[in-house]
file work-v7.cif (mmCIF, C-alpha atoms)
data_work
loop_
_atom_site.label_atom_id
_atom_site.label_comp_id
_atom_site.auth_asym_id
_atom_site.auth_seq_id
_atom_site.Cartn_x
_atom_site.Cartn_y
_atom_site.Cartn_z
CA MET A 221 -8.20 4.29 -21.91
CA LYS A 222 -9.63 2.26 -19.04
CA THR A 223 -11.25 4.06 -16.12
CA ILE A 224 -9.57 3.53 -12.74
CA GLY A 225 -11.73 3.30 -9.64
CA ILE A 226 -9.88 4.19 -6.45
CA ILE A 227 -10.98 3.25 -2.95
CA GLY A 228 -9.21 6.12 -1.22
CA GLY A 229 -9.09 7.86 2.12
CA SER A 230 -6.77 5.54 4.03
CA THR A 231 -5.16 7.91 4.05
CA ASP A 232 -6.13 11.09 2.25
CA ILE A 233 -2.39 11.84 1.96
CA ALA A 234 -1.74 8.57 0.14
CA THR A 235 -4.80 9.13 -2.06
CA VAL A 236 -3.41 12.46 -3.26
CA GLU A 237 -0.08 10.81 -4.09
CA TYR A 238 -1.82 8.06 -6.03
CA TYR A 239 -3.77 10.63 -8.05
CA LYS A 240 -0.65 12.64 -8.89
CA LEU A 241 1.46 9.62 -9.78
CA ILE A 242 -1.18 7.96 -11.95
CA ASN A 243 -1.63 11.14 -13.95
CA LYS A 244 2.15 11.58 -14.22
CA HIS A 245 2.60 8.09 -15.66
CA VAL A 246 -0.36 8.44 -18.04
CA ARG A 247 1.08 11.70 -19.36
CA GLU A 248 4.51 10.11 -19.79
CA GLU A 249 2.97 7.27 -21.78
CA LEU A 250 0.60 9.28 -23.98
CA GLY A 251 2.16 12.75 -24.02
CA GLY A 252 0.46 16.08 -24.43
CA LEU A 253 -2.28 16.96 -22.00
CA HIS A 254 -3.34 13.38 -21.30
CA THR A 255 -4.37 12.46 -17.77
CA GLY A 256 -6.00 9.41 -16.27
CA GLU A 257 -9.72 8.75 -16.24
CA ILE A 258 -10.19 8.27 -12.51
CA ILE A 259 -13.08 7.89 -10.07
CA ILE A 260 -12.36 8.16 -6.34
CA ASN A 261 -14.59 7.08 -3.47
CA SER A 262 -12.88 7.73 -0.15
CA MET A 263 -13.22 6.14 3.25
CA ASP A 264 -13.51 8.19 6.40
CA LEU A 265 -10.05 7.57 7.88
CA ALA A 266 -11.36 7.70 11.44
CA LEU A 267 -13.84 4.94 10.63
CA SER A 268 -11.18 2.91 8.82
CA ALA A 269 -8.83 3.21 11.81
CA HIS A 270 -11.65 2.22 14.17
CA TYR A 271 -12.28 -0.98 12.24
CA VAL A 272 -8.57 -1.81 12.00
CA ASN A 273 -7.62 -1.03 15.60
CA ASN A 274 -10.57 -3.01 16.97
CA GLY A 275 -10.21 -5.98 14.65
CA LEU A 276 -13.60 -5.34 13.03
CA TRP A 277 -12.62 -6.82 9.68
CA GLU A 278 -16.05 -8.03 8.64
CA GLU A 279 -17.63 -4.65 9.32
CA GLY A 280 -14.78 -2.87 7.57
CA ALA A 281 -15.01 -5.16 4.55
CA GLU A 282 -18.70 -4.40 4.22
CA TYR A 283 -17.93 -0.67 4.40
CA LEU A 284 -15.34 -1.00 1.62
CA ARG A 285 -17.66 -3.20 -0.40
CA GLY A 286 -20.05 -0.27 -0.61
CA LYS A 287 -17.22 1.84 -2.00
CA ALA A 288 -16.31 -0.82 -4.57
CA GLN A 289 -19.93 -1.21 -5.64
CA SER A 290 -20.30 2.52 -6.20
CA LEU A 291 -17.10 2.66 -8.26
CA ALA A 292 -18.28 -0.20 -10.46
CA ARG A 293 -21.68 1.44 -10.94
CA ALA A 294 -19.96 4.71 -11.86
CA GLY A 295 -18.07 3.00 -14.68
CA ALA A 296 -14.71 1.89 -13.26
CA ASP A 297 -13.07 -0.76 -15.47
CA PHE A 298 -10.91 -1.91 -12.58
CA ILE A 299 -10.40 -0.95 -8.94
CA ILE A 300 -7.45 -0.24 -6.68
CA CYS A 301 -7.42 0.27 -2.92
CA VAL A 302 -4.82 2.67 -1.53
CA SER A 303 -4.46 0.76 1.76
CA ASN A 304 -2.13 -2.22 2.18
CA THR A 305 -3.89 -3.12 5.42
CA TRP A 306 -7.35 -3.51 3.90
CA HIS A 307 -6.15 -5.89 1.19
CA ARG A 308 -6.34 -8.69 3.77
CA VAL A 309 -10.12 -8.68 3.26
CA SER A 310 -10.06 -7.85 -0.45
CA ASP A 311 -11.82 -11.11 -1.29
CA LYS A 312 -14.72 -9.97 0.90
CA PHE A 313 -15.03 -6.35 -0.21
CA MET A 314 -14.70 -7.34 -3.88
CA ALA A 315 -17.20 -10.19 -3.67
CA GLY A 316 -19.72 -9.88 -6.48
CA ILE A 317 -18.04 -6.79 -7.97
CA GLU A 318 -17.71 -7.10 -11.75
CA ALA A 319 -14.76 -4.71 -12.02
CA PRO A 320 -11.56 -6.59 -11.04
CA LEU A 321 -9.15 -5.52 -8.30
CA LEU A 322 -5.55 -4.68 -9.16
CA HIS A 323 -4.01 -6.08 -5.97
CA ILE A 324 -1.24 -4.05 -4.35
CA ALA A 325 0.94 -7.15 -3.92
CA GLU A 326 1.07 -7.87 -7.65
CA PRO A 327 3.36 -5.02 -8.83
CA THR A 328 5.33 -5.21 -5.57
CA ALA A 329 6.11 -8.90 -6.02
CA LYS A 330 6.99 -8.32 -9.67
CA ALA A 331 9.54 -5.65 -8.69
CA ILE A 332 11.05 -7.94 -6.03
CA LYS A 333 11.36 -10.85 -8.45
CA GLU A 334 12.91 -8.61 -11.11
CA GLN A 335 15.75 -7.90 -8.66
CA GLY A 336 16.16 -11.61 -7.94
CA LEU A 337 15.41 -11.29 -4.22
CA GLN A 338 13.95 -14.12 -2.17
CA ARG A 339 13.75 -12.76 1.39
CA VAL A 340 12.41 -9.28 2.11
CA ALA A 341 11.18 -7.44 5.18
CA LEU A 342 7.73 -5.89 5.51
CA LEU A 343 6.99 -2.58 7.20
CA GLY A 344 3.39 -1.44 7.66
CA THR A 345 0.66 -1.05 10.21
CA LYS A 346 0.78 -3.51 13.07
CA ALA A 347 -2.32 -5.14 11.60
CA THR A 348 -0.38 -5.72 8.37
CA MET A 349 2.87 -6.89 9.97
CA SER A 350 1.23 -9.23 12.50
CA SER A 351 -1.13 -10.86 10.01
CA PRO A 352 -0.12 -13.96 8.03
CA TYR A 353 -2.05 -12.66 5.01
CA LEU A 354 0.74 -10.93 3.05
CA PRO A 355 3.54 -13.35 4.06
CA ASP A 356 1.40 -16.29 2.97
CA LEU A 357 0.40 -14.54 -0.27
CA PHE A 358 3.95 -13.56 -1.22
CA ASN A 359 5.27 -17.03 -0.39
CA SER A 360 2.55 -19.09 -2.06
CA GLN A 361 2.06 -17.02 -5.21
CA TYR A 362 5.49 -15.48 -5.76
CA GLY A 363 8.00 -17.60 -3.84
CA VAL A 364 9.12 -14.64 -1.72
CA GLU A 365 9.79 -15.06 2.01
CA ILE A 366 8.54 -12.19 4.19
CA VAL A 367 10.11 -11.27 7.53
CA VAL A 368 8.75 -8.66 9.93
CA PRO A 369 10.26 -6.46 12.65
CA LYS A 370 10.29 -7.54 16.28
CA GLU A 371 7.27 -6.71 18.44
CA GLU A 372 8.48 -3.44 19.92
CA ASP A 373 9.55 -2.19 16.51
CA GLN A 374 6.13 -3.05 15.10
CA THR A 375 4.55 -0.93 17.84
CA LEU A 376 6.84 2.01 17.04
CA ILE A 377 6.14 1.78 13.30
CA ASP A 378 2.39 1.58 13.91
CA ASN A 379 2.37 4.53 16.33
CA VAL A 380 4.21 6.72 13.83
CA ILE A 381 1.74 5.78 11.08
CA PHE A 382 -1.37 6.59 13.07
CA LYS A 383 -0.07 9.47 15.20
CA GLU A 384 2.21 11.24 12.71
CA LEU A 385 2.09 10.15 9.07
CA SER A 386 -1.71 10.13 8.99
CA TYR A 387 -1.57 13.80 10.01
CA ALA A 388 1.11 14.61 7.40
CA GLN A 389 3.76 14.91 10.11
CA PHE A 390 7.17 13.70 8.95
CA THR A 391 9.80 14.09 11.67
CA ASP A 392 13.52 13.47 11.56
CA SER A 393 13.36 11.42 14.75
CA SER A 394 10.81 9.03 13.25
CA ARG A 395 12.78 8.82 10.01
CA LYS A 396 15.90 7.83 11.95
CA ALA A 397 13.93 5.28 14.00
CA TYR A 398 12.51 3.69 10.85
CA LEU A 399 15.93 3.56 9.21
CA LYS A 400 17.40 1.89 12.32
CA ILE A 401 14.73 -0.80 11.99
CA VAL A 402 15.54 -1.19 8.28
CA ASP A 403 19.24 -1.58 9.16
CA ASP A 404 18.45 -4.23 11.79
CA LEU A 405 16.31 -6.19 9.35
CA ALA A 406 19.05 -6.09 6.73
CA LEU A 407 21.60 -7.32 9.28
CA SER A 408 19.26 -10.21 10.11
CA GLY A 409 19.20 -11.33 6.48
CA ALA A 410 16.52 -9.32 4.71
CA GLN A 411 17.62 -8.58 1.13
CA GLY A 412 15.21 -5.69 0.75
CA VAL A 413 12.31 -3.92 2.44
CA ILE A 414 8.67 -3.51 1.41
CA LEU A 415 7.31 -0.11 2.41
CA GLY A 416 3.95 -1.75 3.05
CA CYS A 417 2.01 1.23 4.26
CA THR A 418 1.30 3.78 1.58
CA GLU A 419 2.58 6.67 3.70
CA ILE A 420 5.95 5.18 4.68
CA GLY A 421 7.50 6.11 1.35
CA LEU A 422 6.86 9.75 2.23
CA LEU A 423 9.04 9.36 5.34
CA ILE A 424 11.93 7.21 4.11
CA ALA A 425 13.20 6.61 0.59
CA GLN A 426 15.70 4.57 -1.39
CA ALA A 427 18.18 7.44 -1.22
CA ASP A 428 18.35 6.98 2.57
CA ARG A 429 19.73 3.45 2.17
CA PRO A 430 21.07 3.02 -1.39
CA ASN A 431 22.35 -0.50 -0.70
CA ILE A 432 19.06 -1.87 0.69
CA PRO A 433 16.41 -2.20 -2.04
CA MET A 434 13.15 -0.55 -1.00
CA PHE A 435 9.82 -1.40 -2.60
CA ASP A 436 7.40 1.48 -2.19
CA THR A 437 3.98 -0.11 -2.63
CA LEU A 438 2.31 3.25 -3.32
CA ARG A 439 4.60 4.11 -6.23
CA LEU A 440 4.61 0.60 -7.68
CA HIS A 441 0.82 0.27 -7.41
CA ALA A 442 0.14 3.71 -8.89
CA LYS A 443 2.39 3.01 -11.88
CA ALA A 444 0.81 -0.40 -12.44
CA ALA A 445 -2.65 1.18 -12.39
CA ALA A 446 -1.59 3.78 -14.93
CA MET A 447 -0.08 1.14 -17.24
CA LYS A 448 -3.19 -1.02 -16.97
CA ALA A 449 -5.38 1.96 -17.79
CA VAL A 450 -3.31 2.90 -20.85
CA HIS A 451 -2.33 -0.51 -22.18
CA GLY A 452 -4.95 -2.84 -20.73
#

call {"tool": "encode", "arguments": {"input": "work-v7.cif", "output": "structure tokens"}}
result
Amino acid sequence: MKTIGIIGGSTDIATVEYYKLINKHVREELGGLHTGEIIINSMDLALSAHYVNNGLWEEGAEYLRGKAQSLARAGADFIICVSNTWHRVSDKFMAGIEAPLLHIAEPTAKAIKEQGLQRVALLGTKATMSSPYLPDLFNSQYGVEIVVPKEEDQTLIDNVIFKELSYAQFTDSSRKAYLKIVDDLALSGAQGVILGCTEIGLLIAQADRPNIPMFDTLRLHAKAAAMKAVHG
């Protein structure tokens, strides 16, 4: 089995979910008492948020690069990062790291293509939604068009992430607000929705909108990591 290195901490809640899901999938594949061989090096969420909210991407990338280096030195065969937002500088924080990165977009795009969808909406932090990084990546590498919520909806989504979800607060009012945004995006032509912040899938789920495909990046990424660890 390959050893998974996890850059965690953004958030700690998502990191716990990754750990549980990876072990669940490994056990389902191998049976018995099997669990994943996992190394975690976590960010300080306050520091991560400081870098993101102040646009300090170079400084943040260097911080994450230290995490990636330590995981590689500790024996990780490949690395995952639990944050959608930080993948925009993945080329910088993985520079010179021998262990490869399993990018969060890869299993997400695969799931979208398997359903035959071409135009999907993206929910995430404002830094994720306002950046061209993921839309350009999905379009150029996978032929998927990404649309994002309007400005005021981006602000609402971002506020809930940093002021509620990051503190493990999941309120009915925020769930309804998110689902209203999902409905609006579907009405505007989105064929599905990427839950592009690894905590959003803890607030809303496919069962809330059965007719609008939802792609939970946390669950897709965790399963892909487990499969890569078991099967290579």

call {"tool": "residues_around", "arguments": {"input": "work-v7.cif", "residues": "stretch 422-429 of chain A", "least_positions_apart": "6", "cutoff": "12 Å", "atoms": "only C-alpha atoms", "output": "number ranges by chain"}}
result
A: 233-234, 236-237, 343, 377, 380-381, 384-386, 388-403, 406, 412-416, 435-439

call {"tool": "closest_residue", "arguments": {"input": "work-v7.cif", "among": "A:Tyr239, A:Gly275, A:Thr345, A:Glu365", "to": "A:Asn379", "atoms": "only C-alpha atoms"}}
result
A:Thr345

call {"tool": "residues_near_point", "arguments": {"input": "work-v7.cif", "point": "(-11.3, -7.4, 11.6)", "cutoff": "12 Å", "atoms": "all atoms listed in the file", "output": "number ranges by chain"}}
result
A: 268-283, 305-309, 312, 347-348, 351

call {"tool": "atom_distance", "arguments": {"input": "work-v7.cif", "atom1": "atom CA of A:Val302", "atom2": "atom CA of A:Glu248"}}
result
21.8 Å

call {"tool": "residues_around", "arguments": {"input": "work-v7.cif", "residues": "A:Leu405", "least_positions_apart": "6", "cutoff": "9 Å", "atoms": "all atoms listed in the file", "output": "ChimeraX atom specification"}}
result
/A:340-341,367-369,411-413

call {"tool": "closest_residue", "arguments": {"input": "work-v7.cif", "among": "A:Val364, A:Leu322, A:Met314, A:Ile227", "to": "A:Met447", "atoms": "only C-alpha atoms"}}
result
A:Leu322

call {"tool": "axis_aligned_box", "arguments": {"input": "work-v7.cif", "around": "stretch 352-365 of chain A", "padding_each_side": "5 Å", "output": "JSON"}}
result
{"center_x": 3.9, "center_y": -15.0, "center_z": 1.1, "size_x": 21.8, "size_y": 18.2, "size_z": 23.8}

call {"tool": "resolve_selection", "arguments": {"input": "work-v7.cif", "expression": "the PyMOL selection byres ((chain A and resi 448) around 12)", "output": "PyMOL selection string"}}
result
chain A and resi 221-224+242+245-246+249+256-257+297-300+320-322+327+441-447+449-452

call {"tool": "closest_residue", "arguments": {"input": "work-v7.cif", "among": "A:Asp264, A:Asp404, A:Asp378, A:Glu371", "to": "A:Leu284", "atoms": "all atoms listed in the file"}}
result
A:Asp264

call {"tool": "resolve_selection", "arguments": {"input": "work-v7.cif", "expression": "the PyMOL selection byres ((chain A and resi 289) around 10)", "output": "MDAnalysis selection string"}}
result
chainID A and resid 284:288 290:294 296 313:319

call {"tool": "residues_around", "arguments": {"input": "work-v7.cif", "residues": "A:Lys333", "least_positions_apart": "4", "cutoff": "9 Å", "atoms": "all atoms listed in the file", "output": "number ranges by chain"}}
result
A: 328-329, 337-338, 362-364

call {"tool": "atom_distance", "arguments": {"input": "work-v7.cif", "atom1": "atom CA of A:Ile259", "atom2": "atom CA of A:Ser310"}}
result
18.7 Å

call {"tool": "atom_distance", "arguments": {"input": "work-v7.cif", "atom1": "atom CA of A:Thr418", "atom2": "atom CA of A:Asn304"}}
result
6.9 Å

call {"tool": "closest_residue", "arguments": {"input": "work-v7.cif", "among": "A:Ser262, A:Leu250, A:Met434, A:Ile226", "to": "A:Gly421", "atoms": "all atoms listed in the file"}}
result
A:Met434

call {"tool": "closest_residue", "arguments": {"input": "work-v7.cif", "among": "A:Thr235, A:Ser230, A:Asn431, A:Thr375", "to": "A:Met263", "atoms": "only C-alpha atoms"}}
result
A:Ser230

call {"tool": "build_atoms", "arguments": {"input": "work-v7.cif", "residues": "stretch 360-384 of chain A", "atoms": "N, CA and C atoms", "output": "CSV table (one decimal), keeping the file's coordinate frame"}}
result
chain,number,residue,atom,x,y,z
A,360,SER,N,3.3,-18.1,-1.3
A,360,SER,CA,2.6,-19.1,-2.1
A,360,SER,C,2.5,-18.7,-3.5
A,361,GLN,N,2.3,-17.4,-3.8
A,361,GLN,CA,2.1,-17.0,-5.2
A,361,GLN,C,3.3,-16.6,-5.9
A,362,TYR,N,4.3,-16.1,-5.1
A,362,TYR,CA,5.5,-15.5,-5.8
A,362,TYR,C,6.8,-16.1,-5.3
A,363,GLY,N,6.8,-17.0,-4.3
A,363,GLY,CA,8.0,-17.6,-3.8
A,363,GLY,C,8.9,-16.7,-3.1
A,364,VAL,N,8.3,-15.6,-2.5
A,364,VAL,CA,9.1,-14.6,-1.7
A,364,VAL,C,8.9,-14.8,-0.2
A,365,GLU,N,9.9,-14.9,0.6
A,365,GLU,CA,9.8,-15.1,2.0
A,365,GLU,C,9.7,-13.7,2.6
A,366,ILE,N,8.7,-13.5,3.5
A,366,ILE,CA,8.5,-12.2,4.2
A,366,ILE,C,9.0,-12.3,5.7
A,367,VAL,N,9.8,-11.4,6.1
A,367,VAL,CA,10.1,-11.3,7.5
A,367,VAL,C,9.6,-9.9,8.0
A,368,VAL,N,9.3,-9.9,9.3
A,368,VAL,CA,8.8,-8.7,9.9
A,368,VAL,C,9.6,-8.2,11.1
A,369,PRO,N,9.5,-6.9,11.5
A,369,PRO,CA,10.3,-6.5,12.6
A,369,PRO,C,9.8,-7.1,13.9
A,370,LYS,N,10.7,-7.0,15.0
A,370,LYS,CA,10.3,-7.5,16.3
A,370,LYS,C,9.1,-6.7,16.9
A,371,GLU,N,8.5,-7.3,17.9
A,371,GLU,CA,7.3,-6.7,18.4
A,371,GLU,C,7.3,-5.2,18.8
A,372,GLU,N,8.4,-4.9,19.5
A,372,GLU,CA,8.5,-3.4,19.9
A,372,GLU,C,8.7,-2.5,18.7
A,373,ASP,N,9.4,-3.0,17.7
A,373,ASP,CA,9.6,-2.2,16.5
A,373,ASP,C,8.2,-2.1,15.7
A,374,GLN,N,7.4,-3.1,15.7
A,374,GLN,CA,6.1,-3.0,15.1
A,374,GLN,C,5.3,-2.0,15.8
A,375,THR,N,5.3,-1.9,17.1
A,375,THR,CA,4.6,-0.9,17.8
A,375,THR,C,5.0,0.5,17.5
A,376,LEU,N,6.3,0.7,17.4
A,376,LEU,CA,6.8,2.0,17.0
A,376,LEU,C,6.4,2.4,15.6
A,377,ILE,N,6.5,1.5,14.7
A,377,ILE,CA,6.1,1.8,13.3
A,377,ILE,C,4.7,2.1,13.2
A,378,ASP,N,3.8,1.4,13.9
A,378,ASP,CA,2.4,1.6,13.9
A,378,ASP,C,2.0,2.9,14.5
A,379,ASN,N,2.7,3.3,15.7
A,379,ASN,CA,2.4,4.5,16.3
A,379,ASN,C,2.7,5.7,15.4
A,380,VAL,N,3.8,5.6,14.7
A,380,VAL,CA,4.2,6.7,13.8
A,380,VAL,C,3.2,6.9,12.7
A,381,ILE,N,2.7,5.7,12.2
A,381,ILE,CA,1.7,5.8,11.1
A,381,ILE,C,0.5,6.5,11.5
A,382,PHE,N,-0.1,6.1,12.7
A,382,PHE,CA,-1.4,6.6,13.1
A,382,PHE,C,-1.3,7.9,13.8
A,383,LYS,N,-0.2,8.2,14.4
A,383,LYS,CA,-0.1,9.5,15.2
A,383,LYS,C,0.7,10.6,14.5
A,384,GLU,N,1.4,10.2,13.4
A,384,GLU,CA,2.2,11.2,12.7
A,384,GLU,C,1.9,11.3,11.2
